[in-house]
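To keep things clear, I will list the structure first and then write my remarks on it.
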Protein chains: 2
Amino acid sequence: MPNVGQIGLREREILTAIIETYISTGEPVGSRTLSRQNKDGLSPATIRNVMADLVDAGFLDQPHTSAGRVPTAQAYRYYVDQISGKAVVSPADQDLIAGTLQGTVDIQEFLQRTSHVLSLLSSGVGVAIANTGPRNALDHVYFSRQGDKKVLAVVVTRSGVVHDRMMRLEEDLNQTDLDTAANYINDNFRGWTISNLKAELGRRIEQERSEYDRLMNSLEELYKSGALAADEPARNIFVEGVSNLVAKEEDREHLRDLLRTLEEKERVAELLAAYLDTRQEAVRVVIGLEEAVPEMRNFVLIGAPAHVGGEMRGSLAVIGPTRMDYQHTITAVSYIAQLFDKLLNENA
Amino acid sequence: MPNVGQIGLREREILTAIIETYISTGEPVGSRTLSRQNKDGLSPATIRNVMADLVDAGFLDQPHTSAGRVPTAQAYRYYVDQISGKAVVSPADQDLIAGTLQGTVDIQEFLQRTSHVLSLLSSGVGVAIANTGPRNALDHVYFSRQGDKKVLAVVVTRSGVVHDRMMRLEEDLNQTDLDTAANYINDNFRGWTISNLKAELGRRIEQERSEYDRLMNSLEELYKSGALAADEPARNIFVEGVSNLVAKEEDREHLRDLLRTLEEKERVAELLAAYLDTRQEAVRVVIGLEEAVPEMRNFVLIGAPAHVGGEMRGSLAVIGPTRMDYQHTITAVSYIAQLFDKLLNENA
DNA sequence: GTTTGGCACTCCCCCACCACAAGTGCCACC
DNA sequence: GGTGGCACTTGTGGTGGGGGAGTGCCAAAC
């Protein structure tokens, strides 16, 4: 068994140099190239020996016998661990981010701009999501009659996310009935999670069904119409910058599958949820995305959750090729995640 | 000067055959191939003569001296005119469309699903837009205090489009002030276009500025915060199916530019507006998109507007390669446009 | 013992070359 | 006007060799 993880200083330096060279050139790196750029003036032969060790240890691969070496997932993992927390976000990036996000109070707008700026700063796609999960607490609802049997339902949650939805009822309700129903819900359920609210409301409707009650009748109508659905996920998932991937991904078919997956925004949301559903605040770098999503081979996820009171309420990420500027991207994600956290907590 | 447009029956048959063959194979079509598939049993030599005429008349091009012929924009134009209005939408497509769009009353959901189904039915991207232009009439507004100096503004227009926007004020207003302001606007401006409303409101605020008035003060606050902005275009523009283009477009750089343009949804909206802003109901096929958008060379737009009382309130389109199944796409766009029209008129 | 230079070997990449297929234009003939 | 024939053009696909980059290993040097 090779001595994985037990590599010395020289090995580490060379490994880092190989990874960085590969990231910038995209071509397998050979001993000669490395020897030339290395200040320590090591000869190609020495480097070859070290490289052989690194292959044994699982950090490098050779596309074929007489080609240079290419970093493995394990190498990227090592590289990311090693650089994480090192750099701060550059002033230029700070300006760009501040300029883009300045003045956004509205969550959806923030998400949209965040995904955009992430795609600009990285060589991948930017993703920004506000969770509209079962744990999202109600602030208030508002119903507005829009015509015969048609009602606009606006649900505002404590995290500032607004759901508006046009509903069709089975029987007509006038605006007074709707206001009464909204008041009832707001008075009784403010602060409840949407799913709990729905369950309890269903129970109460069931209980009162025997005796005729105007309010309960209105509530039942609204309940049946789905006016309280908190699950309109596609509206709060923003994915931008797919054009970045065109330049990066070689294989055409692979590219098409990838874009197809990214267009299914719910899948992207699931991916982030799977890897970021944690109480940790830190940026997480996931290498080896193909285990969860086969068409994402050779892609990594750099993401961070946003919390309100210890609960995850949103997340943002860059999904890009393994060959990317990790330091730059990690600091950018980290910086924006802080802003996101702040925004959510202001709104809470 | 070549006798453009003065082509006989035989020429037309051959031109149509060339276009259809080119659309299905993607390769320049030669006289021999055509002679073999043509039932009339014309010899390659005859076809060659006809082809030479068609080149003179501007319908065909040759990539190089000894290659087959390729249709020009003019040829596609002819082809589309010739087939338009011929076919009806197939039962299978009807099922797919109905299944996807069934039960959507909410405009945004309809737009999203429409763009999706258009991308499925064609080999291009599907676009669906609800106009939030200056001509959009107010139904009512609703303001809700969300915290210190923060207000959620919900603007509902007659076409059923909802704008919700979180605003930050310069000074705090309580909910009563907000309700008074909303009532004032609803009582005075229902049915006005948003831009007229804003202009008139600005005028009134200016007029009353001298004397202190609580209502006017609230209105001014809201006015300044931009709560009445009707221009949140990105939320009502849906573009889906970019992965379709990966398979179609050869040139990598071109593909990247194209995707980049399609990601700027406002530009897509402008494009539709430019070509569809008309009182005509019919599907419009725009060939030669590169005049307006250079990166869309070799792409066509097949779109239709949706009207309410003679005014354009929405539009939908497919943007796809010149090499596409026109008949299929045109009928699909036409069919969905009718549904869109119906939905808008129900909501009106 | 580590580092280095040397050397034979492997493999990919590029390019020149050639034959071939598909297509054309034109001309003579029906 | 349609057709067959023929010489010419041009992209394509396959082959083969030269060159470059890199490797592994060994023996010598430090």
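Residue numbers start at 1 in each chain; chains themselves are named A, B, ... in the order of the structure tokens; ligands are numbered from 1 in the order shown.
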
Can you pull out every residue within 12 Å of segment 289-291 of chain B, counting only C-alpha atoms (C1' of nucleotides), but drop anything in the same chain fewer than 2 positions away, and send it as a PyMOL selection string?
chain B and resi 73+258+268+271-272+274-275+285-287+293-302+319-322

Would you mind listing, for every residue of chain B within 6 Å of chain A, the two atoms forming the shortest contact and the distance between them in Å to one decimal, using only C-alpha atoms, sorted by chain and ascending residue number, as CSV?
```
residue,atom,partner,partner_atom,distance
B:Asp106,CA,A:Met166,CA,4.6
B:Met166,CA,A:Asp106,CA,4.6
B:Ser243,CA,A:Arg256,CA,5.3
B:Val246,CA,A:Arg256,CA,5.7
B:Arg256,CA,A:Ser243,CA,5.3
B:Leu259,CA,A:Ser243,CA,5.3
B:Arg260,CA,A:Ser243,CA,5.5
```

Generate the output file for the selected residues, N, CA and C atoms, as a tab-separated table (two decimals), in the first residue's frame.
```
chain	number	residue	atom	x	y	z
B	106	ASP	N	-51.68	31.20	-13.06
B	106	ASP	CA	-50.64	32.17	-12.76
B	106	ASP	C	-49.82	32.44	-14.02
B	166	MET	N	-39.24	44.68	-2.64
B	166	MET	CA	-38.92	45.15	-1.29
B	166	MET	C	-38.20	46.48	-1.41
B	243	SER	N	-29.58	24.24	-24.03
B	243	SER	CA	-28.80	23.03	-24.31
B	243	SER	C	-29.09	22.51	-25.72
B	246	VAL	N	-26.38	23.54	-28.25
B	246	VAL	CA	-25.04	22.95	-28.21
B	246	VAL	C	-24.86	21.96	-29.34
B	256	ARG	N	-20.61	30.29	-27.76
B	256	ARG	CA	-20.44	31.00	-26.49
B	256	ARG	C	-21.06	32.39	-26.54
B	259	LEU	N	-24.87	32.09	-26.37
B	259	LEU	CA	-25.40	31.81	-25.04
B	259	LEU	C	-25.29	33.05	-24.17
B	260	ARG	N	-24.22	33.78	-24.35
B	260	ARG	CA	-24.02	34.98	-23.55
B	260	ARG	C	-25.15	35.97	-23.84
```

Spatial neighbours of segment 304-308 of chain B, 10 Å, only C-alpha atoms (C1' of nucleotides), chain gap at least 4 places, as a ChimeraX atom specification
/B:128-131,159,272-273,275-285,312-318,330,333-348

Any chance you can output those residues with N, CA and C atoms as a short mmCIF file (atom, residue, chain, number, x, y, z; two decimals), in the first residue's frame?
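Result file selection22.cif:
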```
data_model
loop_
_atom_site.label_atom_id
_atom_site.label_comp_id
_atom_site.auth_asym_id
_atom_site.auth_seq_id
_atom_site.Cartn_x
_atom_site.Cartn_y
_atom_site.Cartn_z
N ALA B 128 -40.70 33.10 -23.63
CA ALA B 128 -42.05 33.56 -23.33
C ALA B 128 -41.95 34.81 -22.47
N ILE B 129 -42.70 35.80 -22.83
CA ILE B 129 -42.60 37.11 -22.19
C ILE B 129 -43.98 37.67 -21.93
N ALA B 130 -44.17 38.25 -20.75
CA ALA B 130 -45.36 39.06 -20.52
C ALA B 130 -44.89 40.50 -20.46
N ASN B 131 -45.55 41.33 -21.20
CA ASN B 131 -45.10 42.71 -21.28
C ASN B 131 -45.40 43.47 -20.00
N SER B 159 -53.33 42.89 -16.53
CA SER B 159 -53.05 41.67 -17.28
C SER B 159 -52.67 40.52 -16.35
N LEU B 272 -37.62 40.43 -29.43
CA LEU B 272 -39.02 40.08 -29.71
C LEU B 272 -39.83 41.34 -29.93
N ALA B 273 -39.61 42.32 -29.08
CA ALA B 273 -40.38 43.56 -29.20
C ALA B 273 -40.16 44.18 -30.58
N TYR B 275 -39.41 42.83 -33.40
CA TYR B 275 -39.96 42.13 -34.55
C TYR B 275 -41.44 41.79 -34.43
N LEU B 276 -41.97 41.84 -33.23
CA LEU B 276 -43.36 41.42 -33.07
C LEU B 276 -44.29 42.55 -32.66
N ASP B 277 -43.79 43.74 -32.49
CA ASP B 277 -44.66 44.81 -32.01
C ASP B 277 -45.58 45.24 -33.15
N THR B 278 -46.63 44.53 -33.25
CA THR B 278 -47.52 44.70 -34.39
C THR B 278 -48.92 44.32 -33.95
N ARG B 279 -49.87 44.78 -34.71
CA ARG B 279 -51.26 44.45 -34.37
C ARG B 279 -51.66 43.10 -34.97
N GLN B 280 -50.79 42.60 -35.81
CA GLN B 280 -51.11 41.31 -36.43
C GLN B 280 -51.09 40.19 -35.41
N GLU B 281 -51.96 39.24 -35.64
CA GLU B 281 -52.05 38.12 -34.72
C GLU B 281 -51.12 36.98 -35.15
N ALA B 282 -50.76 37.00 -36.41
CA ALA B 282 -50.14 35.82 -37.00
C ALA B 282 -48.74 35.55 -36.46
N VAL B 283 -48.33 34.32 -36.66
CA VAL B 283 -46.96 33.94 -36.35
C VAL B 283 -46.04 34.64 -37.34
N ARG B 284 -44.95 35.14 -36.83
CA ARG B 284 -44.01 35.82 -37.72
C ARG B 284 -42.70 35.05 -37.72
N VAL B 285 -42.15 34.86 -38.90
CA VAL B 285 -40.87 34.17 -39.02
C VAL B 285 -39.83 35.17 -39.50
N MET B 312 -50.68 44.69 -27.54
CA MET B 312 -49.78 43.56 -27.30
C MET B 312 -49.43 43.50 -25.81
N ARG B 313 -49.66 42.35 -25.22
CA ARG B 313 -49.40 42.20 -23.79
C ARG B 313 -48.39 41.10 -23.49
N GLY B 314 -48.01 40.40 -24.53
CA GLY B 314 -47.06 39.32 -24.29
C GLY B 314 -46.58 38.79 -25.61
N SER B 315 -45.60 37.94 -25.56
CA SER B 315 -45.12 37.36 -26.80
C SER B 315 -44.41 36.05 -26.48
N LEU B 316 -44.35 35.21 -27.47
CA LEU B 316 -43.61 33.98 -27.29
C LEU B 316 -42.91 33.65 -28.59
N ALA B 317 -41.85 32.90 -28.50
CA ALA B 317 -41.06 32.65 -29.69
C ALA B 317 -40.15 31.45 -29.50
N VAL B 318 -39.71 30.95 -30.64
CA VAL B 318 -38.60 30.00 -30.66
C VAL B 318 -37.46 30.69 -31.39
N ILE B 330 -43.69 26.25 -36.42
CA ILE B 330 -44.67 27.30 -36.67
C ILE B 330 -46.04 26.92 -36.12
N VAL B 333 -45.93 27.13 -32.26
CA VAL B 333 -45.95 28.51 -31.77
C VAL B 333 -47.35 29.09 -31.93
N SER B 334 -47.94 28.85 -33.08
CA SER B 334 -49.26 29.39 -33.35
C SER B 334 -50.29 28.87 -32.35
N TYR B 335 -50.22 27.57 -32.10
CA TYR B 335 -51.17 26.94 -31.19
C TYR B 335 -51.03 27.48 -29.76
N ILE B 336 -49.80 27.56 -29.29
CA ILE B 336 -49.58 28.05 -27.93
C ILE B 336 -49.93 29.53 -27.83
N ALA B 337 -49.68 30.28 -28.92
CA ALA B 337 -50.02 31.70 -28.90
C ALA B 337 -51.52 31.89 -28.68
N GLN B 338 -52.30 31.01 -29.26
CA GLN B 338 -53.75 31.10 -29.05
C GLN B 338 -54.11 30.87 -27.58
N LEU B 339 -53.45 29.87 -27.00
CA LEU B 339 -53.71 29.59 -25.58
C LEU B 339 -53.30 30.79 -24.72
N PHE B 340 -52.19 31.39 -25.08
CA PHE B 340 -51.65 32.54 -24.35
C PHE B 340 -52.66 33.69 -24.43
N ASP B 341 -53.11 33.97 -25.62
CA ASP B 341 -54.12 35.00 -25.84
C ASP B 341 -55.34 34.76 -24.96
N LYS B 342 -55.77 33.52 -24.96
CA LYS B 342 -56.96 33.16 -24.19
C LYS B 342 -56.72 33.43 -22.70
N LEU B 343 -55.57 33.01 -22.23
CA LEU B 343 -55.25 33.19 -20.81
C LEU B 343 -55.25 34.67 -20.45
N LEU B 344 -54.59 35.46 -21.28
CA LEU B 344 -54.52 36.89 -21.00
C LEU B 344 -55.90 37.52 -21.00
N ASN B 345 -56.74 37.11 -21.96
CA ASN B 345 -58.06 37.72 -22.04
C ASN B 345 -58.97 37.28 -20.91
N GLU B 346 -58.76 36.07 -20.41
CA GLU B 346 -59.51 35.63 -19.23
C GLU B 346 -59.14 36.49 -18.03
N ASN B 347 -57.86 36.77 -17.93
CA ASN B 347 -57.37 37.53 -16.79
C ASN B 347 -57.71 39.01 -16.89
N ALA B 348 -57.98 39.47 -18.08
CA ALA B 348 -58.14 40.91 -18.28
C ALA B 348 -59.40 41.43 -17.57
#
```

With only C-alpha atoms (C1' of nucleotides) as the counted atoms, please give the residues lying no more than 9 Å from segment 15-23 of chain D, apart from itself and same-chain residues fewer than 2 positions off, as an MDAnalysis selection string.
(chainID A and resid 30:32 48 65:68) or (chainID C and resid 9:10 13:14 17:18)

Hey, what's within 12 Å of DG1 of chain D if we count only C-alpha atoms (C1' of nucleotides) and toss same-chain stuff fewer than 2 positions away? As a VMD selection string, please?
(chain B and resid 45 to 46 49 to 50) or (chain C and resid 30) or (chain D and resid 3)

Find the residues in chain C near chain B: any atom within 12 Å counts, using only C-alpha atoms (C1' of nucleotides). Write them as a PyMOL selection string.
chain C and resi 21-26

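In this structure, the chain D residues at most 8 Å away from chain B are DG2, DT3, DT9 and DT10 of chain D, with only C-alpha atoms (C1' of nucleotides) considered.
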
Selection export as a compact mmCIF listing (two decimals), in the first residue's frame, atoms kept: N, CA and C atoms (P, O5', C5', C4', C3', O3' and C1' of nucleotides):
```txt
# COMPACT_ATOMS: atom_id res chain seq x y z
P DG D 2 -36.54 20.54 -69.33
O5' DG D 2 -35.83 19.15 -69.59
C5' DG D 2 -36.59 18.11 -70.17
C4' DG D 2 -35.66 17.04 -70.64
C3' DG D 2 -34.72 16.50 -69.55
O3' DG D 2 -34.82 15.09 -69.55
C1' DG D 2 -33.49 17.10 -71.49
P DT D 3 -34.07 14.25 -68.48
O5' DT D 3 -32.78 13.81 -69.28
C5' DT D 3 -32.94 13.11 -70.52
C4' DT D 3 -31.58 12.67 -71.02
C3' DT D 3 -30.64 12.15 -69.93
O3' DT D 3 -30.15 10.90 -70.35
C1' DT D 3 -29.56 13.79 -71.25
P DT D 9 -8.92 22.27 -62.88
O5' DT D 9 -9.90 22.24 -61.64
C5' DT D 9 -11.10 23.00 -61.66
C4' DT D 9 -11.82 22.82 -60.35
C3' DT D 9 -10.93 23.01 -59.10
O3' DT D 9 -11.61 23.89 -58.24
C1' DT D 9 -12.10 20.95 -58.98
P DT D 10 -10.85 24.61 -57.08
O5' DT D 10 -11.32 23.73 -55.84
C5' DT D 10 -12.70 23.46 -55.67
C4' DT D 10 -12.88 22.39 -54.62
C3' DT D 10 -11.87 22.43 -53.46
O3' DT D 10 -12.57 22.36 -52.25
C1' DT D 10 -12.08 20.27 -54.29
```

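Of the residues listed (A:Asp187, A:Asp61, A:Glu249, A:Glu220), A:Asp61 shows the shortest atom-to-atom separation from Pro28 of chain A; distances use only C-alpha atoms.
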
Atom CA of Asn236 of chain B to atom CA of Gly126 of chain A: how many Å, to one decimal?
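So the two atoms, atom CA of Asn236 of chain B and atom CA of Gly126 of chain A, lie 20.5 Å apart.
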
Using Å and a single decimal, report how far atom C1' of DG5 of chain D sits from atom CA of Thr21 of chain B.
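Atom-to-atom, atom CA of Thr21 of chain B and atom C1' of DG5 of chain D are spaced 27.2 Å apart.
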